[in-house]
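coords-v2.cif, holding mmCIF, C-alpha atoms:
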data_query
loop_
_atom_site.group_PDB
_atom_site.id
_atom_site.type_symbol
_atom_site.label_atom_id
_atom_site.label_comp_id
_atom_site.auth_asym_id
_atom_site.auth_seq_id
_atom_site.Cartn_x
_atom_site.Cartn_y
_atom_site.Cartn_z
ATOM 1 C CA ASN A 1 20.508 -23.791 6.287
ATOM 2 C CA ALA A 2 18.136 -22.004 3.945
ATOM 3 C CA GLY A 3 16.698 -20.069 6.917
ATOM 4 C CA VAL A 4 13.166 -18.747 6.372
ATOM 5 C CA THR A 5 11.767 -19.223 2.873
ATOM 6 C CA GLN A 6 8.547 -17.825 1.418
ATOM 7 C CA THR A 7 6.594 -18.541 -1.749
ATOM 8 C CA PRO A 8 5.524 -16.973 -3.988
ATOM 9 C CA LYS A 9 7.735 -13.886 -4.324
ATOM 10 C CA PHE A 10 5.055 -11.931 -6.185
ATOM 11 C CA ARG A 11 1.345 -12.425 -6.783
ATOM 12 C CA ILE A 12 -1.533 -10.468 -8.282
ATOM 13 C CA LEU A 13 -5.022 -11.402 -7.118
ATOM 14 C CA LYS A 14 -8.435 -10.258 -8.187
ATOM 15 C CA ILE A 15 -10.900 -9.024 -5.570
ATOM 16 C CA GLY A 16 -12.660 -11.981 -3.978
ATOM 17 C CA GLN A 17 -10.023 -14.566 -4.873
ATOM 18 C CA SER A 18 -8.239 -16.573 -2.199
ATOM 19 C CA MET A 19 -4.662 -17.780 -1.826
ATOM 20 C CA THR A 20 -2.173 -19.241 0.597
ATOM 21 C CA LEU A 21 1.220 -17.699 1.304
ATOM 22 C CA GLN A 22 3.731 -20.383 2.201
ATOM 23 C CA CYS A 23 6.437 -20.065 4.857
ATOM 24 C CA THR A 24 8.994 -22.676 5.869
ATOM 25 C CA GLN A 25 11.962 -22.528 8.246
ATOM 26 C CA ASP A 26 14.714 -25.095 8.732
ATOM 27 C CA MET A 27 16.218 -23.738 11.965
ATOM 28 C CA ASN A 28 13.975 -25.805 14.274
ATOM 29 C CA HIS A 29 12.482 -22.615 15.694
ATOM 30 C CA ASN A 30 9.391 -22.989 17.838
ATOM 31 C CA TYR A 31 8.081 -19.469 17.235
ATOM 32 C CA MET A 32 6.820 -18.250 13.863
ATOM 33 C CA TYR A 33 5.197 -14.969 12.830
ATOM 34 C CA TRP A 34 3.408 -13.240 9.965
ATOM 35 C CA TYR A 35 3.729 -9.489 9.392
ATOM 36 C CA ARG A 36 2.517 -7.152 6.688
ATOM 37 C CA GLN A 37 4.307 -3.977 5.630
ATOM 38 C CA ASP A 38 2.468 -1.237 3.809
ATOM 39 C CA PRO A 39 4.427 1.466 1.909
ATOM 40 C CA GLY A 40 6.208 3.835 4.292
ATOM 41 C CA MET A 41 5.010 1.924 7.323
ATOM 42 C CA GLY A 42 6.513 -0.422 9.829
ATOM 43 C CA LEU A 43 5.613 -4.067 10.247
ATOM 44 C CA LYS A 44 2.164 -4.986 11.541
ATOM 45 C CA LEU A 45 1.733 -8.374 13.248
ATOM 46 C CA ILE A 46 -1.019 -10.519 11.704
ATOM 47 C CA TYR A 47 -0.696 -13.853 13.528
ATOM 48 C CA TYR A 48 1.956 -15.732 15.435
ATOM 49 C CA SER A 49 2.526 -19.260 16.722
ATOM 50 C CA VAL A 50 4.537 -20.500 19.691
ATOM 51 C CA GLY A 51 4.525 -24.111 18.517
ATOM 52 C CA ALA A 52 2.737 -26.696 16.419
ATOM 53 C CA GLY A 53 -0.996 -26.570 16.995
ATOM 54 C CA ILE A 54 -0.941 -23.156 18.718
ATOM 55 C CA THR A 55 -1.727 -19.825 17.052
ATOM 56 C CA ASP A 56 -2.568 -16.347 18.333
ATOM 57 C CA LYS A 57 -3.954 -13.190 16.763
ATOM 58 C CA GLY A 58 -1.751 -10.168 16.343
ATOM 59 C CA GLU A 59 -2.571 -6.513 15.643
ATOM 60 C CA VAL A 60 -4.335 -6.965 12.281
ATOM 61 C CA PRO A 61 -5.778 -10.520 11.979
ATOM 62 C CA ASN A 62 -9.029 -9.728 10.143
ATOM 63 C CA GLY A 63 -9.251 -11.291 6.687
ATOM 64 C CA TYR A 64 -6.524 -13.860 7.379
ATOM 65 C CA ASN A 65 -6.240 -17.375 8.761
ATOM 66 C CA VAL A 66 -3.284 -19.483 9.795
ATOM 67 C CA SER A 67 -2.499 -23.039 10.809
ATOM 68 C CA ARG A 68 0.579 -24.682 12.322
ATOM 69 C CA SER A 69 0.557 -28.435 11.854
ATOM 70 C CA THR A 70 4.360 -28.826 11.839
ATOM 71 C CA THR A 71 7.312 -26.995 13.413
ATOM 72 C CA GLU A 72 8.653 -26.055 9.965
ATOM 73 C CA ASP A 73 5.587 -24.636 8.203
ATOM 74 C CA PHE A 74 3.306 -21.695 8.948
ATOM 75 C CA PRO A 75 1.017 -20.897 5.976
ATOM 76 C CA LEU A 76 -1.089 -17.722 5.832
ATOM 77 C CA ARG A 77 -4.475 -17.966 4.127
ATOM 78 C CA LEU A 78 -6.291 -15.029 2.538
ATOM 79 C CA GLU A 79 -9.982 -15.600 1.895
ATOM 80 C CA LEU A 80 -11.941 -13.137 -0.258
ATOM 81 C CA ALA A 81 -9.004 -10.871 -1.086
ATOM 82 C CA ALA A 82 -9.615 -7.111 -0.836
ATOM 83 C CA PRO A 83 -7.560 -4.127 -2.125
ATOM 84 C CA SER A 84 -6.726 -3.257 1.489
ATOM 85 C CA GLN A 85 -4.673 -6.475 1.636
ATOM 86 C CA THR A 86 -2.247 -5.169 -0.975
ATOM 87 C CA SER A 87 1.027 -5.252 0.912
ATOM 88 C CA VAL A 88 4.366 -6.988 1.388
ATOM 89 C CA TYR A 89 4.058 -9.995 3.675
ATOM 90 C CA PHE A 90 6.980 -11.161 5.792
ATOM 91 C CA CYS A 91 7.221 -14.425 7.664
ATOM 92 C CA ALA A 92 9.685 -14.717 10.563
ATOM 93 C CA SER A 93 10.820 -17.278 13.115
ATOM 94 C CA SER A 94 12.730 -17.389 16.390
ATOM 95 C CA TYR A 95 13.623 -19.568 19.339
ATOM 96 C CA PRO A 96 11.286 -19.306 22.350
ATOM 97 C CA THR A 97 11.403 -15.704 23.502
ATOM 98 C CA SER A 98 12.416 -16.596 27.028
ATOM 99 C CA GLY A 99 15.289 -18.699 25.783
ATOM 100 C CA ARG A 100 18.828 -18.183 24.688
ATOM 101 C CA ALA A 101 18.341 -16.051 21.605
ATOM 102 C CA ASN A 102 15.657 -13.518 20.833
ATOM 103 C CA GLU A 103 16.406 -12.624 17.229
ATOM 104 C CA GLN A 104 13.547 -12.945 14.787
ATOM 105 C CA PHE A 105 14.812 -14.088 11.392
ATOM 106 C CA PHE A 106 12.786 -12.829 8.460
ATOM 107 C CA GLY A 107 11.999 -14.422 5.125
ATOM 108 C CA PRO A 108 12.459 -12.497 1.839
ATOM 109 C CA GLY A 109 8.812 -11.427 1.666
ATOM 110 C CA THR A 110 5.857 -11.881 -0.699
ATOM 111 C CA ARG A 111 4.636 -8.828 -2.611
ATOM 112 C CA LEU A 112 0.863 -9.135 -3.043
ATOM 113 C CA THR A 113 -1.339 -6.870 -5.152
ATOM 114 C CA VAL A 114 -5.138 -7.133 -5.084
ATOM 115 C CA LEU A 115 -6.906 -5.507 -8.022
ATOM 116 C CA GLY B 1 -1.404 -4.524 24.048
ATOM 117 C CA GLU B 2 1.969 -3.015 23.268
ATOM 118 C CA ASN B 3 2.233 0.168 21.196
ATOM 119 C CA VAL B 4 5.537 1.505 19.853
ATOM 120 C CA GLU B 5 6.007 5.074 18.633
ATOM 121 C CA GLN B 6 9.104 5.976 16.581
ATOM 122 C CA HIS B 7 10.551 9.407 15.747
ATOM 123 C CA PRO B 8 11.526 10.968 13.464
ATOM 124 C CA SER B 9 9.946 9.381 10.402
ATOM 125 C CA THR B 10 12.731 10.760 8.184
ATOM 126 C CA LEU B 11 16.243 11.881 9.034
ATOM 127 C CA SER B 12 18.849 13.408 6.732
ATOM 128 C CA VAL B 13 22.464 13.819 7.836
ATOM 129 C CA GLN B 14 25.823 14.558 6.272
ATOM 130 C CA GLU B 15 28.417 11.824 6.079
ATOM 131 C CA GLY B 16 30.386 11.727 9.317
ATOM 132 C CA ASP B 17 27.587 13.191 11.446
ATOM 133 C CA SER B 18 25.764 11.288 14.158
ATOM 134 C CA ALA B 19 22.163 10.101 13.878
ATOM 135 C CA VAL B 20 19.737 9.436 16.723
ATOM 136 C CA ILE B 21 16.377 7.688 16.434
ATOM 137 C CA LYS B 22 14.003 7.416 19.402
ATOM 138 C CA CYS B 23 11.220 5.000 20.274
ATOM 139 C CA THR B 24 8.732 4.887 23.118
ATOM 140 C CA TYR B 25 6.753 1.839 24.222
ATOM 141 C CA SER B 26 3.595 1.511 26.276
ATOM 142 C CA ASP B 27 3.767 -1.882 28.028
ATOM 143 C CA SER B 28 6.010 -1.880 31.095
ATOM 144 C CA ALA B 29 6.184 -5.701 30.860
ATOM 145 C CA SER B 30 8.188 -5.497 27.618
ATOM 146 C CA ASN B 31 11.737 -6.699 28.185
ATOM 147 C CA TYR B 32 13.396 -6.973 24.786
ATOM 148 C CA PHE B 33 14.104 -4.106 22.377
ATOM 149 C CA PRO B 34 15.752 -4.788 19.000
ATOM 150 C CA TRP B 35 16.624 -2.495 16.121
ATOM 151 C CA TYR B 36 16.376 -3.718 12.537
ATOM 152 C CA LYS B 37 17.831 -2.225 9.356
ATOM 153 C CA GLN B 38 15.856 -2.657 6.147
ATOM 154 C CA GLU B 39 17.336 -1.752 2.793
ATOM 155 C CA LEU B 40 15.044 -1.030 -0.133
ATOM 156 C CA GLY B 41 13.259 -4.175 -1.297
ATOM 157 C CA LYS B 42 15.003 -6.359 1.281
ATOM 158 C CA ARG B 43 14.027 -8.139 4.477
ATOM 159 C CA PRO B 44 14.638 -6.526 7.907
ATOM 160 C CA GLN B 45 17.923 -7.552 9.513
ATOM 161 C CA LEU B 46 18.847 -7.238 13.175
ATOM 162 C CA ILE B 47 21.637 -4.745 13.881
ATOM 163 C CA ILE B 48 21.542 -4.458 17.673
ATOM 164 C CA ASP B 49 19.278 -5.354 20.576
ATOM 165 C CA ILE B 50 19.010 -4.732 24.301
ATOM 166 C CA ARG B 51 17.269 -6.450 27.200
ATOM 167 C CA SER B 52 15.524 -4.630 30.005
ATOM 168 C CA ASN B 53 18.235 -5.455 32.556
ATOM 169 C CA VAL B 54 20.821 -3.437 30.599
ATOM 170 C CA GLY B 55 20.948 0.351 30.150
ATOM 171 C CA GLU B 56 23.274 0.622 27.162
ATOM 172 C CA LYS B 57 24.889 -1.588 24.552
ATOM 173 C CA LYS B 58 27.458 -0.718 21.886
ATOM 174 C CA ASP B 59 28.669 -2.423 18.736
ATOM 175 C CA GLN B 60 31.288 -0.422 16.861
ATOM 176 C CA ARG B 61 29.519 2.663 15.436
ATOM 177 C CA ILE B 62 26.057 1.818 16.737
ATOM 178 C CA ALA B 63 24.687 1.914 20.262
ATOM 179 C CA VAL B 64 21.320 1.516 21.918
ATOM 180 C CA THR B 65 20.233 3.099 25.200
ATOM 181 C CA LEU B 66 17.215 2.121 27.287
ATOM 182 C CA ASN B 67 15.351 4.172 29.903
ATOM 183 C CA LYS B 68 12.880 1.799 31.556
ATOM 184 C CA THR B 69 11.385 4.452 33.804
ATOM 185 C CA ALA B 70 10.467 6.687 30.877
ATOM 186 C CA LYS B 71 9.763 3.673 28.626
ATOM 187 C CA HIS B 72 11.903 4.806 25.760
ATOM 188 C CA PHE B 73 14.966 3.536 23.908
ATOM 189 C CA SER B 74 17.187 5.100 21.286
ATOM 190 C CA LEU B 75 19.523 4.097 18.471
ATOM 191 C CA HIS B 76 22.718 6.086 18.057
ATOM 192 C CA ILE B 77 24.845 5.852 14.903
ATOM 193 C CA THR B 78 28.172 7.698 14.902
ATOM 194 C CA GLU B 79 30.375 8.616 11.933
ATOM 195 C CA THR B 80 27.563 7.890 9.501
ATOM 196 C CA GLN B 81 28.409 6.580 6.029
ATOM 197 C CA PRO B 82 26.323 6.503 2.824
ATOM 198 C CA GLU B 83 25.813 2.741 3.269
ATOM 199 C CA ASP B 84 23.965 3.489 6.522
ATOM 200 C CA SER B 85 21.113 4.890 4.401
ATOM 201 C CA ALA B 86 18.098 2.621 4.986
ATOM 202 C CA VAL B 87 14.887 2.286 6.970
ATOM 203 C CA TYR B 88 15.477 1.605 10.673
ATOM 204 C CA LEU B 89 12.787 -0.207 12.633
ATOM 205 C CA CYS B 90 12.513 -0.395 16.411
ATOM 206 C CA ALA B 91 10.442 -2.999 18.225
ATOM 207 C CA ALA B 92 9.449 -4.147 21.691
ATOM 208 C CA ARG B 93 8.323 -7.472 23.117
ATOM 209 C CA GLN B 94 7.528 -9.203 26.371
ATOM 210 C CA ALA B 95 8.341 -12.874 26.909
ATOM 211 C CA GLY B 96 6.089 -15.323 25.109
ATOM 212 C CA THR B 97 4.768 -12.834 22.578
ATOM 213 C CA ALA B 98 5.761 -11.353 19.245
ATOM 214 C CA LEU B 99 7.689 -8.195 18.371
ATOM 215 C CA ILE B 100 5.589 -5.067 17.918
ATOM 216 C CA PHE B 101 7.253 -2.575 15.570
ATOM 217 C CA GLY B 102 7.338 1.179 15.233
ATOM 218 C CA LYS B 103 6.577 2.791 11.870
ATOM 219 C CA GLY B 104 10.220 3.125 10.899
ATOM 220 C CA THR B 105 12.689 5.937 10.232
ATOM 221 C CA THR B 106 14.130 6.551 6.773
ATOM 222 C CA LEU B 107 17.761 7.622 7.245
ATOM 223 C CA SER B 108 19.524 9.359 4.354
ATOM 224 C CA VAL B 109 23.280 9.960 4.580
ATOM 225 C CA SER B 110 24.641 12.311 1.954
ATOM 226 C CA SER B 111 28.325 12.526 1.047
#

I need this file expressed as structure tokens, please.
Amino acid sequence: NAGVTQTPKFRILKIGQSMTLQCTQDMNHNYMYWYRQDPGMGLKLIYYSVGAGITDKGEVPNGYNVSRSTTEDFPLRLELAAPSQTSVYFCASSYPTSGRANEQFFGPGTRLTVL
Amino acid sequence: GENVEQHPSTLSVQEGDSAVIKCTYSDSASNYFPWYKQELGKRPQLIIDIRSNVGEKKDQRIAVTLNKTAKHFSLHITETQPEDSAVYLCAARQAGTALIFGKGTTLSVSS
């Protein structure tokens, strides 16, 4: 299994541009998550999904959108990029939280800079 | 919603000493408390976790304790080694939701 994969690894955007961060998992996990990590800070939850077609806002959803059309994919969309969105973005997945295993598996991250 | 506070933000110890990191959470419905280790430029990786029906869990040199009444949990690392140097992240979650993380503790172990 490749686990959780993210593309791209790095990206530089200009203010006002848009982009989609891709996330795919091959572990058949129902739950998927997007976090951002600013320098010296913990992980802040942006959005999460408990299954295809279902998404929920996290702690910092403003400026982002998500969709979940398949179990495997959970893309994160940035519209009108702003410098405040400069961060490292981590995607994660897990089995249902009431089920047998609770561990969230993280992808390698996408380092985004908005200039 | 859930809020997780983590202390200290930085911790420096000598090799062989013990290290303790503490977290408090706000939502009494939270029932799962993991600890992640994140090395520089890498993804977070789970090192130990505990559910709300257990008070303590050990795995070799690391242990986690949970006090549900006070709503706090702690990570204990004994006989620290230089390779333990990293950022440690605590988190809390209730069923059906996502992990909410603390701000992290940067542990430095000097030899």

Using all atoms listed in the file, which residues sit within 9 Å of range 83-90 of chain B once same-chain residues fewer than 6 positions away are excluded, as a count of residues only?
33

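Across A:Ala92, A:Ala81, A:Leu45, A:Val60, the tightest approach to Arg11 in chain A is made by A:Ala81 when counting all atoms listed in the file.
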
Can you spell out as a list in words the set of residues that the PyMOL selection byres ((chain A) within 7 of (chain B)) selects in the structure I just provided?
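With the PyMOL selection byres ((chain A) within 7 of (chain B)) on this model, the match is Met41, Gly42, Leu43, Lys44, Leu45, Tyr48, Thr97, Ser98, Phe106, Gly107, Pro108 and Gly109 of chain A.
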
Export of the given selection (C-alpha atoms) as a PDB file, in the frame of the given file:
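Everything below was put into out-v3.pdb:
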ATOM      1  CA  MET A  41       5.010   1.924   7.323  1.00  0.00           C
ATOM      2  CA  GLY A  42       6.513  -0.422   9.829  1.00  0.00           C
ATOM      3  CA  LEU A  43       5.613  -4.067  10.247  1.00  0.00           C
ATOM      4  CA  LYS A  44       2.164  -4.986  11.541  1.00  0.00           C
ATOM      5  CA  LEU A  45       1.733  -8.374  13.248  1.00  0.00           C
ATOM      6  CA  TYR A  48       1.956 -15.732  15.435  1.00  0.00           C
ATOM      7  CA  THR A  97      11.403 -15.704  23.502  1.00  0.00           C
ATOM      8  CA  SER A  98      12.416 -16.596  27.028  1.00  0.00           C
ATOM      9  CA  PHE A 106      12.786 -12.829   8.460  1.00  0.00           C
ATOM     10  CA  GLY A 107      11.999 -14.422   5.125  1.00  0.00           C
ATOM     11  CA  PRO A 108      12.459 -12.497   1.839  1.00  0.00           C
ATOM     12  CA  GLY A 109       8.812 -11.427   1.666  1.00  0.00           C
TER      13      GLY A 109
END

Neighbour list for Gln85 in chain A as number ranges by chain, cut-off 9 Å, all atoms listed in the file, skip fewer than 3 positions in-chain
A: 36, 63, 78, 81-82, 112-114

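Note on the selection: in this file the PyMOL selection byres ((chain A and resi 28) around 12) comes out as Asn1, Ala2, Gly3, Val4, Thr24, Gln25, Asp26, Met27, His29, Asn30, Tyr31, Met32, Gly51, Ala52, Thr70, Thr71, Glu72, Asp73, Ser93, Ser94, Tyr95 and Pro96 of chain A.
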
Given the file shown, determine the residues that the PyMOL selection byres ((chain A and resi 14) around 6) selects; report them as a PyMOL selection string.
chain A and resi 13+15+17+114-115

Would you mind exporting C-alpha atoms of the selected residues as a PDB file, in the coordinates of the input?
ATOM      1  CA  LEU A  13      -5.022 -11.402  -7.118  1.00  0.00           C
ATOM      2  CA  ILE A  15     -10.900  -9.024  -5.570  1.00  0.00           C
ATOM      3  CA  GLN A  17     -10.023 -14.566  -4.873  1.00  0.00           C
ATOM      4  CA  VAL A 114      -5.138  -7.133  -5.084  1.00  0.00           C
ATOM      5  CA  LEU A 115      -6.906  -5.507  -8.022  1.00  0.00           C
TER       6      LEU A 115
END

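CA of Asn62 in chain A to CA of Thr5 in chain A spans 24.0 Å [interatomic distance, one decimal].
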
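Coordinates place CA of Gly40 in chain A at a distance of 25.4 Å from CA of Glu79 in chain A.
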
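If you look at CA of Pro61 in chain A and CA of Ile46 in chain A, they are 4.8 Å away from each other.
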